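Text of start31.txt (compact mmCIF, C-alpha atoms) as supplied:
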# COMPACT_ATOMS: atom_id res chain seq x y z
CA MET A 1 97.13 64.26 118.65
CA LEU A 2 100.32 62.70 117.32
CA TYR A 3 100.99 59.96 114.80
CA TYR A 4 101.93 56.50 115.98
CA GLU A 5 102.27 53.10 114.42
CA SER A 6 102.02 49.75 116.01
CA MET A 7 103.28 46.57 114.41
CA TYR A 8 101.89 43.36 115.81
CA ILE A 9 102.32 39.68 115.04
CA VAL A 10 99.14 37.64 114.82
CA HIS A 11 99.02 33.89 115.40
CA PRO A 12 99.62 32.16 112.03
CA ALA A 13 96.74 29.70 112.46
CA LEU A 14 94.13 32.44 112.00
CA GLU A 15 92.41 32.38 108.61
CA ALA A 16 91.73 35.47 106.52
CA GLY A 17 88.21 35.90 107.89
CA ARG A 18 89.17 35.62 111.55
CA LEU A 19 92.26 37.76 110.93
CA LYS A 20 90.03 40.51 109.59
CA ASP A 21 87.83 40.28 112.69
CA LEU A 22 90.89 40.60 114.91
CA ILE A 23 92.20 43.61 112.97
CA MET A 24 88.79 45.26 113.15
CA SER A 25 88.50 44.59 116.90
CA ILE A 26 91.91 46.21 117.48
CA GLU A 27 90.82 49.15 115.36
CA LYS A 28 87.61 49.42 117.43
CA SER A 29 89.57 49.46 120.67
CA LEU A 30 91.57 52.39 119.29
CA HIS A 31 88.41 54.25 118.26
CA SER A 32 86.98 53.75 121.75
CA LEU A 33 90.07 55.53 123.11
CA GLY A 34 89.50 58.46 120.75
CA GLY A 35 92.06 57.59 118.08
CA GLU A 36 91.82 57.72 114.30
CA THR A 37 92.99 55.09 111.84
CA CYS A 38 95.47 56.24 109.17
CA ALA A 39 96.55 53.06 107.40
CA ILE A 40 96.55 49.30 107.83
CA ASN A 41 99.14 47.27 105.96
CA VAL A 42 99.14 43.48 106.15
CA TRP A 43 102.67 42.24 105.53
CA GLY A 44 101.61 38.63 105.44
CA LYS A 45 103.00 35.45 106.90
CA LYS A 46 106.71 35.69 107.66
CA LYS A 47 109.23 33.54 109.44
CA LEU A 48 110.12 34.87 112.88
CA ALA A 49 113.78 35.44 113.73
CA TYR A 50 113.19 33.45 116.92
CA PRO A 51 110.20 31.41 118.07
CA ILE A 52 107.54 33.21 120.13
CA ASN A 53 105.16 31.00 122.16
CA LYS A 54 106.64 28.03 120.24
CA GLU A 55 105.45 29.54 116.92
CA LYS A 56 108.01 29.81 114.11
CA TYR A 57 105.81 31.86 111.76
CA GLY A 58 103.61 34.87 112.29
CA MET A 59 101.32 37.23 110.42
CA TYR A 60 102.72 40.76 110.49
CA VAL A 61 100.29 43.68 110.52
CA LEU A 62 101.30 47.35 110.47
CA PHE A 63 98.72 49.71 111.93
CA GLN A 64 99.28 53.47 111.66
CA PHE A 65 97.04 55.79 113.65
CA LYS A 66 96.57 59.17 115.20
CA ASN A 67 96.03 59.21 118.93
CA ASN A 68 96.48 61.07 122.15
CA GLY A 69 99.78 59.71 123.45
CA VAL A 70 98.45 59.31 127.00
CA LYS A 71 95.95 56.69 125.75
CA ASN A 72 98.62 54.55 124.10
CA LYS A 73 99.27 52.70 127.35
CA GLU A 74 95.70 51.40 127.40
CA PHE A 75 95.89 50.49 123.71
CA ASN A 76 99.09 48.51 124.31
CA LEU A 77 97.47 46.79 127.27
CA GLY A 78 94.68 45.60 124.96
CA LEU A 79 97.26 44.09 122.61
CA GLU A 80 99.10 42.53 125.54
CA HIS A 81 95.95 40.78 126.79
CA ASN A 82 94.95 39.55 123.33
CA SER A 83 95.99 35.90 123.17
CA ASN A 84 96.14 35.91 119.35
CA VAL A 85 98.78 38.67 119.28
CA LEU A 86 102.23 37.14 119.75
CA ALA A 87 104.19 40.41 119.94
CA TYR A 88 103.66 44.11 119.33
CA LEU A 89 105.67 47.31 119.09
CA THR A 90 104.21 50.82 119.18
CA THR A 91 106.40 53.69 118.01
CA LYS A 92 106.00 57.36 117.24
CA ILE A 93 106.22 58.36 113.56
CA GLU A 94 106.30 61.53 111.52
CA ASP A 95 103.25 62.42 109.45
CA ASN A 96 105.23 62.17 106.19
CA THR A 97 105.91 58.46 106.74
CA ILE A 98 102.25 57.49 106.73
CA LEU A 99 101.49 54.99 104.01
CA SER A 100 99.03 56.02 101.36
CA ASP A 101 97.53 54.41 98.25
CA LEU A 102 97.14 51.11 100.04
CA PRO A 103 94.52 48.69 98.71
CA SER A 104 91.54 47.94 100.92
CA LEU A 105 91.91 45.50 103.78
CA ASP A 106 89.78 42.88 102.03
CA SER A 107 91.97 42.88 98.94
CA GLN A 108 95.12 42.80 101.05
CA LEU A 109 93.84 39.76 102.89
CA GLY A 110 92.52 38.25 99.67
CA LEU A 111 95.88 38.66 97.97
CA LEU A 112 97.55 36.56 100.63
CA ASN A 113 95.72 33.43 99.47
CA PRO A 114 94.29 34.08 95.97
CA ASN A 115 91.36 31.93 94.80
CA ALA A 116 91.08 30.47 98.27
CA SER A 117 87.41 29.68 97.86
CA GLU A 118 87.96 28.05 94.45
CA SER A 119 91.06 26.04 95.17
CA LYS A 120 89.94 24.56 98.48
CA PRO A 121 87.31 22.10 97.19
CA ASN A 122 89.65 20.91 94.44
CA LYS A 123 92.37 20.26 96.97
CA GLU A 124 90.00 18.25 99.14
CA VAL A 125 88.96 16.11 96.17
CA VAL A 126 92.58 15.51 95.25
CA GLU A 127 93.44 14.61 98.83
CA GLU A 128 90.57 12.12 98.97
CA LYS A 129 91.70 10.55 95.73
CA THR A 130 95.27 10.28 96.89
CA SER A 131 94.19 8.79 100.21
CA GLU A 132 92.07 6.18 98.40
CA ALA A 133 94.88 5.41 96.04
CA LYS A 134 97.27 5.03 98.96
CA GLU A 135 94.93 2.63 100.70
CA ASN A 136 94.52 0.56 97.56
CA SER A 137 98.22 0.45 96.93
CA GLU A 138 98.87 -0.51 100.54
CA GLU A 139 96.37 -3.35 100.31
CA LYS A 140 97.92 -4.57 97.10
CA VAL A 141 101.37 -4.38 98.59
CA SER A 142 100.28 -6.19 101.74
CA SER A 143 98.57 -8.95 99.72
CA GLU A 144 101.29 -9.34 97.15
CA ALA A 145 104.14 -8.55 99.43
CA PRO A 146 105.25 -12.06 100.45
CA GLU A 147 105.13 -13.43 96.91
CA VAL A 148 106.89 -10.44 95.38
CA ALA A 149 109.51 -10.44 98.08
CA ALA A 150 110.13 -14.13 97.58
CA GLU A 151 110.48 -13.69 93.81
CA GLU A 152 112.87 -10.78 94.25
CA LYS A 153 114.97 -12.79 96.68
CA ASN A 154 115.21 -15.66 94.25
CA GLN A 155 116.20 -13.32 91.42
CA LYS A 156 118.83 -11.62 93.55
CA GLU A 157 120.30 -14.91 94.65
CA ALA A 158 120.42 -16.07 91.04
CA GLU A 159 122.17 -12.87 89.99
CA LYS A 160 124.65 -13.22 92.83
CA VAL A 161 125.44 -16.76 91.85
CA SER A 162 125.91 -15.73 88.21
CA ASP A 163 128.13 -12.83 89.23
CA THR A 164 130.34 -15.00 91.38
CA LYS A 165 130.60 -17.52 88.56
CA GLU A 166 131.68 -14.84 86.10
CA GLU A 167 134.28 -13.51 88.52
CA LYS A 168 135.72 -16.98 88.88
CA MET B 1 156.54 61.63 103.01
CA ALA B 2 153.39 60.92 104.78
CA LEU B 3 152.07 57.42 104.33
CA SER B 4 148.81 57.35 102.45
CA HIS B 5 146.26 55.16 104.18
CA GLN B 6 142.71 54.35 103.33
CA THR B 7 140.18 56.24 105.40
CA LYS B 8 136.68 54.85 105.66
CA ILE B 9 133.90 57.22 104.66
CA CYS B 10 130.51 56.95 106.30
CA PRO B 11 128.05 55.53 103.73
CA PHE B 12 125.27 57.73 105.10
CA LYS B 13 127.28 60.90 104.50
CA GLU B 14 128.04 59.84 100.93
CA ASN B 15 124.45 58.93 100.10
CA LYS B 16 121.82 60.88 101.97
CA ASP B 17 119.01 58.67 100.67
CA LEU B 18 120.26 55.82 102.82
CA ILE B 19 119.40 57.74 106.01
CA ALA B 20 115.71 57.07 105.42
CA MET B 21 116.53 53.36 105.32
CA ILE B 22 117.53 53.38 109.01
CA ASN B 23 114.21 52.06 110.21
CA TYR B 24 113.25 48.86 112.00
CA LYS B 25 110.90 47.95 109.15
CA GLU B 26 113.87 47.82 106.72
CA HIS B 27 115.25 44.75 108.45
CA LYS B 28 116.93 43.45 105.31
CA PHE B 29 119.03 46.62 105.12
CA LEU B 30 119.84 46.52 108.84
CA ARG B 31 121.08 42.95 108.50
CA LYS B 32 124.20 44.41 106.83
CA PHE B 33 125.20 45.80 110.21
CA LEU B 34 124.93 42.45 112.01
CA THR B 35 127.44 39.63 112.20
CA GLU B 36 126.49 36.05 111.42
CA GLN B 37 125.97 35.54 115.13
CA GLY B 38 123.54 38.47 115.21
CA LYS B 39 125.82 40.95 116.99
CA ILE B 40 125.86 44.62 116.01
CA ILE B 41 129.09 45.41 114.10
CA PRO B 42 130.91 48.37 115.66
CA GLY B 43 131.16 51.61 113.72
CA TYR B 44 134.95 51.53 113.49
CA VAL B 45 134.67 48.34 111.40
CA THR B 46 131.90 49.43 109.02
CA GLY B 47 132.97 53.07 108.85
CA VAL B 48 129.58 54.41 109.95
CA SER B 49 129.84 57.69 111.83
CA ALA B 50 128.87 57.81 115.49
CA LYS B 51 125.72 59.79 114.76
CA TYR B 52 124.25 57.14 112.45
CA GLN B 53 125.67 54.23 114.43
CA ARG B 54 123.51 55.34 117.35
CA LEU B 55 120.41 55.38 115.14
CA ILE B 56 121.24 51.99 113.61
CA ALA B 57 121.74 50.38 117.02
CA LYS B 58 118.38 51.70 118.22
CA GLU B 59 116.50 50.50 115.15
CA ILE B 60 118.15 47.06 115.27
CA LYS B 61 117.02 46.70 118.86
CA LYS B 62 113.46 47.59 117.84
CA ALA B 63 113.55 45.05 115.02
CA ARG B 64 114.79 42.41 117.47
CA ASN B 65 111.86 43.12 119.75
CA ILE B 66 109.35 42.36 116.99
CA ALA B 67 111.28 39.25 115.77
CA LEU B 68 112.40 40.74 112.45
CA LEU B 69 116.05 40.35 113.47
CA PRO B 70 117.58 37.77 115.81
CA TYR B 71 119.00 38.49 119.24
CA HIS B 72 121.61 35.82 118.66
CA VAL B 73 122.23 33.02 116.18
CA ASP B 74 123.88 29.84 117.34
CA PRO B 75 126.31 28.80 114.56
CA ARG B 76 126.17 25.17 115.73
CA THR B 77 122.49 24.86 114.82
CA ASN B 78 123.10 25.68 111.14

What do you get writing this file as structure tokens?
Amino acid sequence: MLYYESMYIVHPALEAGRLKDLIMSIEKSLHSLGGETCAINVWGKKKLAYPINKEKYGMYVLFQFKNNGVKNKEFNLGLEHNSNVLAYLTTKIEDNTILSDLPSLDSQLGLLNPNASESKPNKEVVEEKTSEAKENSEEKVSSEAPEVAAEEKNQKEAEKVSDTKEEK
Amino acid sequence: MALSHQTKICPFKENKDLIAMINYKEHKFLRKFLTEQGKIIPGYVTGVSAKYQRLIAKEIKKARNIALLPYHVDPRTN
């Protein structure tokens, strides 16, 4: 059994809950092959150096594990066939580079979007308000538009006339 | 009299702590060894010894695979 780590990029549209399911399913696939989990580190959403599958951003996850090297091919095949994983890289590591003192997966995912459950409803309310306000303002503009425009035109013309007079 | 000329010293031989930084996860550090176009700068320019230049090139190629570093950057797009 040797130490390996695999870094994979998850589709950015996945929310924290679904992301956790995906991470757990990948972990399960490793356990079914006889591997052991050492550490999971969620790097978070980062900009990709080049677009992959037309995605400019991706969620980076670092997964360190202990496994029989022969089984890594099957593990990589699982990542390859997973449509939510944009890219992956499995490398061999030394045991002294294994990350320790990492917070739990829930807190790592929770830290990415703090107060997600609290802020969401507020945002929706604000969006509704803004949309209503926009509609109202648009109506006002559409109703008042011809009159206002006409007034402005008259004012501008008057100013122009006055300017030209002063220049003369 | 012999002409005195500046000789470049490998940064990894001066500071041994930097050797641990040669890793594809330290993509911000590896960016020092790339040009603006994303090409790997040769060792005779940066002064890195052949031993560490080999390691750097390998790790940069790993980082490119996982989209932490670019394969190429088109200067016209910026």

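Put simply, CA of Pro103 (chain A) is 22.8 Å away from CA of Asn67 (chain A).
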
- Message: Ranking A:Val42, A:Ala13, A:Leu2, A:Met59 by minimum distance to Gln108 (chain A) and counting all atoms listed in the file, which one comes first?
- Response: A:Val42

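In this model, the gap between CA of Leu19 (chain A) and CA of Pro51 (chain A) comes to 20.3 Å.
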
- Leaving out Ser83 (chain A) and any residue of its chain fewer than 3 positions from it, which residues lie within 12 Å of it when counting only C-alpha atoms, given as a PyMOL selection string? chain A and resi 9-11+14+22+53+77-80+86-88

- Using all atoms listed in the file, find which residues of chain A lie within 12 Å of chain B and jot them down as JSON, numbers by chain. {"A": [5, 6, 7, 8, 9, 10, 43, 46, 47, 48, 49, 50, 51, 52, 55, 56, 57, 58, 59, 60, 61, 62, 85, 86, 87, 88, 89, 90, 91, 93, 96, 97]}

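The space separating CA of Asp95 (chain A) from CA of Ala50 (chain B) comes to 26.7 Å.
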
- Message: Taking only C-alpha atoms into account, name the residue in A:Lys92, A:Asp101, A:Glu36, A:Asn84 that is nearest to Lys66 (chain A).
- Response: A:Glu36
